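Structure data (mmCIF, C-alpha atoms) from protein17.cif:
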data_protein
loop_
_atom_site.label_atom_id
_atom_site.label_comp_id
_atom_site.auth_asym_id
_atom_site.auth_seq_id
_atom_site.Cartn_x
_atom_site.Cartn_y
_atom_site.Cartn_z
CA MET A 1381 0.00 0.00 0.00
CA ASN A 1382 1.26 3.46 -0.86
CA LEU A 1383 0.71 6.16 1.76
CA ARG A 1384 1.92 8.97 -0.47
CA ILE A 1385 -1.55 10.42 -1.04
CA PHE A 1386 -0.29 13.99 -1.42
CA GLN A 1387 2.76 15.32 -3.25
CA GLN A 1388 3.41 18.68 -1.59
CA PRO A 1389 3.51 19.73 2.09
CA LEU A 1390 0.06 20.46 3.49
CA GLU A 1391 -0.81 22.96 6.22
CA VAL A 1392 -2.96 21.77 9.12
CA GLN A 1393 -4.74 23.92 11.70
CA ILE A 1394 -4.48 22.31 15.14
CA ASN A 1395 -7.61 22.83 17.22
CA SER A 1396 -7.87 23.60 20.92
CA ALA A 1397 -9.03 20.07 21.83
CA GLN A 1398 -5.97 18.56 20.13
CA ILE A 1399 -3.69 21.02 21.94
CA ALA A 1400 -5.30 20.31 25.31
CA ILE A 1401 -4.99 16.51 25.06
CA ALA A 1402 -1.39 16.75 23.86
CA LYS A 1403 -0.50 19.09 26.76
CA GLN A 1404 -2.13 16.77 29.28
CA PHE A 1405 -0.28 13.78 27.84
CA ALA A 1406 3.06 15.60 28.04
CA GLN A 1407 2.39 16.55 31.68
CA ASP A 1408 1.38 12.99 32.58
CA VAL A 1409 4.17 11.19 30.72
CA ILE A 1410 7.07 13.26 32.09
CA ALA A 1411 7.13 11.29 35.37
CA THR A 1412 7.62 8.02 33.47
CA VAL A 1413 10.59 8.88 31.24
CA ASN A 1414 14.33 8.75 31.75
CA TYR A 1415 16.61 9.96 28.96
CA ARG A 1416 19.88 10.14 30.89
CA ASP A 1417 21.33 7.59 28.45
CA SER A 1418 20.79 10.24 25.76
CA ASN A 1419 22.30 12.99 27.93
CA GLN A 1420 18.90 14.68 28.14
CA THR A 1421 17.93 15.65 31.69
CA ASN A 1422 16.09 18.94 31.09
CA ARG A 1423 12.56 17.92 32.12
CA ALA A 1424 10.91 21.01 30.62
CA LYS A 1425 12.49 20.23 27.24
CA ILE A 1426 11.53 16.56 27.45
CA GLN A 1427 7.94 17.52 28.30
CA ASN A 1428 7.80 20.01 25.43
CA ASP A 1429 9.26 17.43 23.03
CA HIS A 1430 6.47 14.99 23.95
CA PHE A 1431 3.87 17.73 23.49
CA ILE A 1432 5.19 18.78 20.07
CA SER A 1433 5.42 15.12 18.99
CA LYS A 1434 1.74 14.57 19.76
CA ILE A 1435 0.79 17.78 17.93
CA GLY A 1436 2.62 16.42 14.87
CA GLU A 1437 0.79 13.09 15.15
CA GLU A 1438 -2.53 14.93 15.37
CA ALA A 1439 -1.66 16.91 12.22
CA VAL A 1440 -0.80 13.80 10.22
CA ALA A 1441 -3.89 11.95 11.45
CA THR A 1442 -6.03 14.93 10.45
CA ILE A 1443 -4.75 14.86 6.86
CA PHE A 1444 -5.32 11.14 6.39
CA ARG A 1445 -8.80 11.34 7.93
CA GLN A 1446 -9.66 14.25 5.62
CA HIS A 1447 -8.71 11.99 2.69
CA GLY A 1448 -11.07 9.26 3.91
CA TRP A 1449 -8.54 6.87 5.46
CA GLN A 1450 -9.14 5.06 8.74
CA VAL A 1451 -6.58 6.25 11.32
CA LYS A 1452 -5.79 4.67 14.67
CA GLY A 1453 -3.96 7.05 16.98
CA PRO A 1454 -2.38 9.09 18.34
CA ASP A 1455 -1.92 6.86 21.37
CA TYR A 1456 -2.34 8.83 24.58
CA ALA A 1457 -1.87 5.91 26.96
CA ILE A 1458 0.90 6.25 29.56
CA TYR A 1459 3.22 3.24 29.69
CA GLU A 1460 5.60 2.57 32.56
CA GLY A 1461 9.25 1.57 32.15
CA LYS A 1462 9.78 -1.50 30.00
CA ASN A 1463 6.14 -1.41 28.85
CA LYS A 1464 6.84 1.69 26.76
CA SER A 1465 5.95 1.09 23.16
CA TRP A 1466 8.18 1.30 20.09
CA GLU A 1467 5.16 0.79 17.84
CA GLU A 1468 4.40 3.19 15.04
CA ASP A 1469 2.80 6.47 16.02
CA LEU A 1470 -0.26 5.98 13.82
CA TYR A 1471 -1.92 3.21 11.87
CA VAL A 1472 -3.42 4.29 8.57
CA ASP A 1473 -5.75 1.60 7.21
CA ASP A 1474 -3.75 -0.81 9.46
CA LEU A 1475 -0.39 0.24 7.97
CA GLY A 1476 2.09 1.66 10.50
CA LEU A 1477 3.23 5.25 10.07
CA ALA A 1478 5.92 6.92 12.16
CA VAL A 1479 5.75 10.69 12.69
CA LYS A 1480 8.73 12.97 13.31
CA THR A 1481 8.05 16.58 14.27
CA GLN A 1482 10.33 19.58 14.63
CA LYS A 1483 9.42 22.96 16.12
CA GLN A 1484 9.69 25.96 13.81
CA SER A 1485 12.01 27.69 16.30
CA SER A 1486 14.41 24.72 16.19
CA ALA A 1487 14.24 24.66 12.40
CA ALA A 1488 15.24 28.33 12.32
CA ARG A 1489 18.18 27.55 14.58
CA TYR A 1490 19.47 24.22 13.20
CA GLY A 1491 17.84 23.89 9.79
CA LEU A 1492 14.61 22.08 9.02
CA SER A 1493 15.37 18.47 9.93
CA TRP A 1494 14.16 15.45 11.86
CA THR A 1495 16.20 13.36 14.26
CA PHE A 1496 16.40 9.60 14.74
CA GLN A 1497 18.07 7.95 17.74
CA ASN A 1498 21.07 5.94 16.55
CA SER A 1499 23.40 5.05 19.42
CA SER A 1500 24.42 1.81 21.09
CA LYS A 1501 22.10 2.65 24.00
CA ARG A 1502 19.03 3.80 22.11
CA ARG A 1503 18.16 3.25 18.45
CA ASP A 1504 14.93 3.96 16.60
CA PRO A 1505 13.79 0.49 15.44
CA ILE A 1506 12.39 2.00 12.24
CA LEU A 1507 15.96 2.50 10.98
CA ALA A 1508 16.17 -1.27 10.42
CA MET A 1509 12.90 -1.35 8.45
CA PRO A 1510 13.51 -0.04 4.90
CA GLN A 1511 9.86 -0.47 3.84
CA ALA A 1512 8.49 1.43 6.88
CA TRP A 1513 6.72 4.74 6.36
CA VAL A 1514 7.46 8.03 8.12
CA CYS A 1515 5.80 11.43 7.86
CA PHE A 1516 7.71 14.62 8.70
CA VAL A 1517 6.09 17.66 10.30
CA VAL A 1518 7.19 21.16 11.22
CA CYS A 1519 5.12 22.76 13.99
CA ASN A 1520 4.89 26.53 14.34
CA GLU A 1521 4.60 26.85 18.11
CA ARG A 1522 4.26 30.64 17.81
CA LYS A 1523 1.21 30.51 15.52
CA GLY A 1524 -1.31 28.28 17.25
CA TYR A 1525 0.76 25.13 16.74
CA ASN A 1526 -0.21 25.04 13.08
CA CYS A 1527 1.73 22.38 11.23
CA LEU A 1528 3.17 21.75 7.81
CA VAL A 1529 3.01 18.04 7.00
CA TYR A 1530 5.35 16.62 4.36
CA PRO A 1531 4.35 13.70 2.14
CA PRO A 1532 5.15 10.29 3.65
CA HIS A 1533 8.41 8.57 2.75
CA GLN A 1534 9.72 5.08 3.19
CA ILE A 1535 12.92 4.76 5.22
CA GLN A 1536 14.79 3.37 2.19
CA GLU A 1537 14.13 6.63 0.30
CA LEU A 1538 15.70 8.88 2.90
CA VAL A 1539 19.17 10.39 3.06
CA PHE A 1540 20.53 10.21 6.61
CA LYS A 1541 23.26 12.59 7.69
CA ASP A 1542 25.08 13.60 10.85
CA PRO A 1543 23.49 16.25 13.07
CA LYS A 1544 24.96 19.75 13.03
CA LEU A 1545 25.72 19.68 16.76
CA ALA A 1546 29.05 17.92 17.25
CA TYR A 1547 28.11 16.28 20.55
CA LEU A 1548 25.19 14.47 18.86
CA LYS A 1549 27.32 12.88 16.14
CA GLY A 1550 27.43 9.12 16.55
CA LYS A 1551 24.24 9.23 18.65
CA LYS A 1552 21.69 10.52 16.18
CA ARG A 1553 21.00 10.50 12.45
CA VAL A 1554 19.19 13.36 10.77
CA VAL A 1555 17.03 13.80 7.69
CA TYR A 1556 17.21 17.34 6.34
CA GLU A 1557 14.27 18.87 4.46
CA THR A 1558 16.60 19.85 1.63
CA ASP A 1559 17.23 16.13 0.99
CA LEU A 1560 13.57 15.10 0.80
CA ARG A 1561 12.44 13.92 -2.62
CA TYR A 1562 8.78 14.79 -2.93
CA LYS A 1563 8.72 17.47 -5.59
#
Can you present the structure in this file as structure tokens?
Amino acid sequence: MNLRIFQQPLEVQINSAQIAIAKQFAQDVIATVNYRDSNQTNRAKIQNDHFISKIGEEAVATIFRQHGWQVKGPDYAIYEGKNKSWEEDLYVDDLGLAVKTQKQSSAARYGLSWTFQNSSKRRDPILAMPQAWVCFVVCNERKGYNCLVYPPHQIQELVFKDPKLAYLKGKKRVVYETDLRYK
């Protein structure tokens, strides 16, 4: 099945109900996470990352639903410790779809890109699945959390590069918007 149902990035308005549930999830999940192995201990940043991730998932789900597809997710359940899920973020007509979201302010600072964990301690399982689908999103946190959703790609189509920050090299792989082939 081909999830590439649109060819250009689409803008999505995020509504207040979506924002509220994503904020509540981020507040609830923060007590259950530990990212010390990734050198991330700033709890406010971790909470905001979870919030922005859910906003991106809501944006992608909205587009597929508008096109008549059945979407399962986002998942707002809180999982403890080893019960945390590495499943796809959404299921579109039963096909898994990962979602990666970057804030507009981060894009302005580091370039529009999306990060995958790739260290000996933590690795995104999707990196070993060339046929898997991923959708990239940029979220404008200064304009009502409106999002720009890029057409889905399979992992095998992506160009992975090192992050710009030296201390993240060897720990993360990055897909830059300039390398996306959707045009």
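The two atoms in question, atom CA of A:Asp1469 and atom CA of A:Gln1497, are spaced 15.4 Å apart.
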Q | Nearest candidate to A:Val1514 (options A:Lys1549, A:His1447, A:Lys1480, A:Lys1544; using all atoms listed in the file) | A | A:Lys1480
Residues matched by the PyMOL selection byres ((chain A and resi 1556-1561) around 9) as a tab-separated table (two decimals) with C-alpha atoms, keeping the file's coordinate frame:
chain	number	residue	atom	x	y	z
A	1491	GLY	CA	17.84	23.89	9.79
A	1492	LEU	CA	14.61	22.08	9.02
A	1493	SER	CA	15.37	18.47	9.93
A	1494	TRP	CA	14.16	15.45	11.86
A	1495	THR	CA	16.20	13.36	14.26
A	1516	PHE	CA	7.71	14.62	8.70
A	1533	HIS	CA	8.41	8.57	2.75
A	1537	GLU	CA	14.13	6.63	0.30
A	1538	LEU	CA	15.70	8.88	2.90
A	1539	VAL	CA	19.17	10.39	3.06
A	1540	PHE	CA	20.53	10.21	6.61
A	1541	LYS	CA	23.26	12.59	7.69
A	1554	VAL	CA	19.19	13.36	10.77
A	1555	VAL	CA	17.03	13.80	7.69
A	1562	TYR	CA	8.78	14.79	-2.93
A	1563	LYS	CA	8.72	17.47	-5.59
(Q) With all atoms listed in the file as the counted atoms, please give the residues lying no more than 12 Å from A:Gln1404, apart from itself and same-chain residues fewer than 2 positions off, as number ranges by chain. (A) A: 1397-1402, 1406-1410, 1427-1428, 1430-1432, 1434-1435, 1456-1458
Q: List the residues selected by the PyMOL selection byres ((chain A and resi 1440) around 8) in the file shown, writing them as a PyMOL selection string.
A: chain A and resi 1436-1439+1441-1444+1479+1515+1517+1529
Using only C-alpha atoms, please write the residues we just selected to a file, as a tab-separated table (two decimals), keeping the file's coordinate frame.
chain	number	residue	atom	x	y	z
A	1436	GLY	CA	2.62	16.42	14.87
A	1437	GLU	CA	0.79	13.09	15.15
A	1438	GLU	CA	-2.53	14.93	15.37
A	1439	ALA	CA	-1.66	16.91	12.22
A	1441	ALA	CA	-3.89	11.95	11.45
A	1442	THR	CA	-6.03	14.93	10.45
A	1443	ILE	CA	-4.75	14.86	6.86
A	1444	PHE	CA	-5.32	11.14	6.39
A	1479	VAL	CA	5.75	10.69	12.69
A	1515	CYS	CA	5.80	11.43	7.86
A	1517	VAL	CA	6.09	17.66	10.30
A	1529	VAL	CA	3.01	18.04	7.00
Which residues come within 10 Å of A:Pro1505, counting all atoms listed in the file, excluding same-chain residues fewer than 3 positions away, as an mmCIF file with C-alpha atoms, keeping the file's coordinate frame?
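result-v3.cif, written as the output of this step:
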data_model
loop_
_atom_site.group_PDB
_atom_site.id
_atom_site.type_symbol
_atom_site.label_atom_id
_atom_site.label_comp_id
_atom_site.auth_asym_id
_atom_site.auth_seq_id
_atom_site.Cartn_x
_atom_site.Cartn_y
_atom_site.Cartn_z
ATOM 1 C CA TRP A 1466 8.180 1.300 20.090
ATOM 2 C CA GLU A 1467 5.160 0.790 17.840
ATOM 3 C CA GLU A 1468 4.400 3.190 15.040
ATOM 4 C CA PHE A 1496 16.400 9.600 14.740
ATOM 5 C CA GLN A 1497 18.070 7.950 17.740
ATOM 6 C CA ASN A 1498 21.070 5.940 16.550
ATOM 7 C CA ARG A 1502 19.030 3.800 22.110
ATOM 8 C CA ALA A 1508 16.170 -1.270 10.420
ATOM 9 C CA MET A 1509 12.900 -1.350 8.450
#
Q) When you draw a straight line from atom CA of A:Lys1552 to atom CA of A:Ile1535, how long is it in Å? A) 15.2 Å
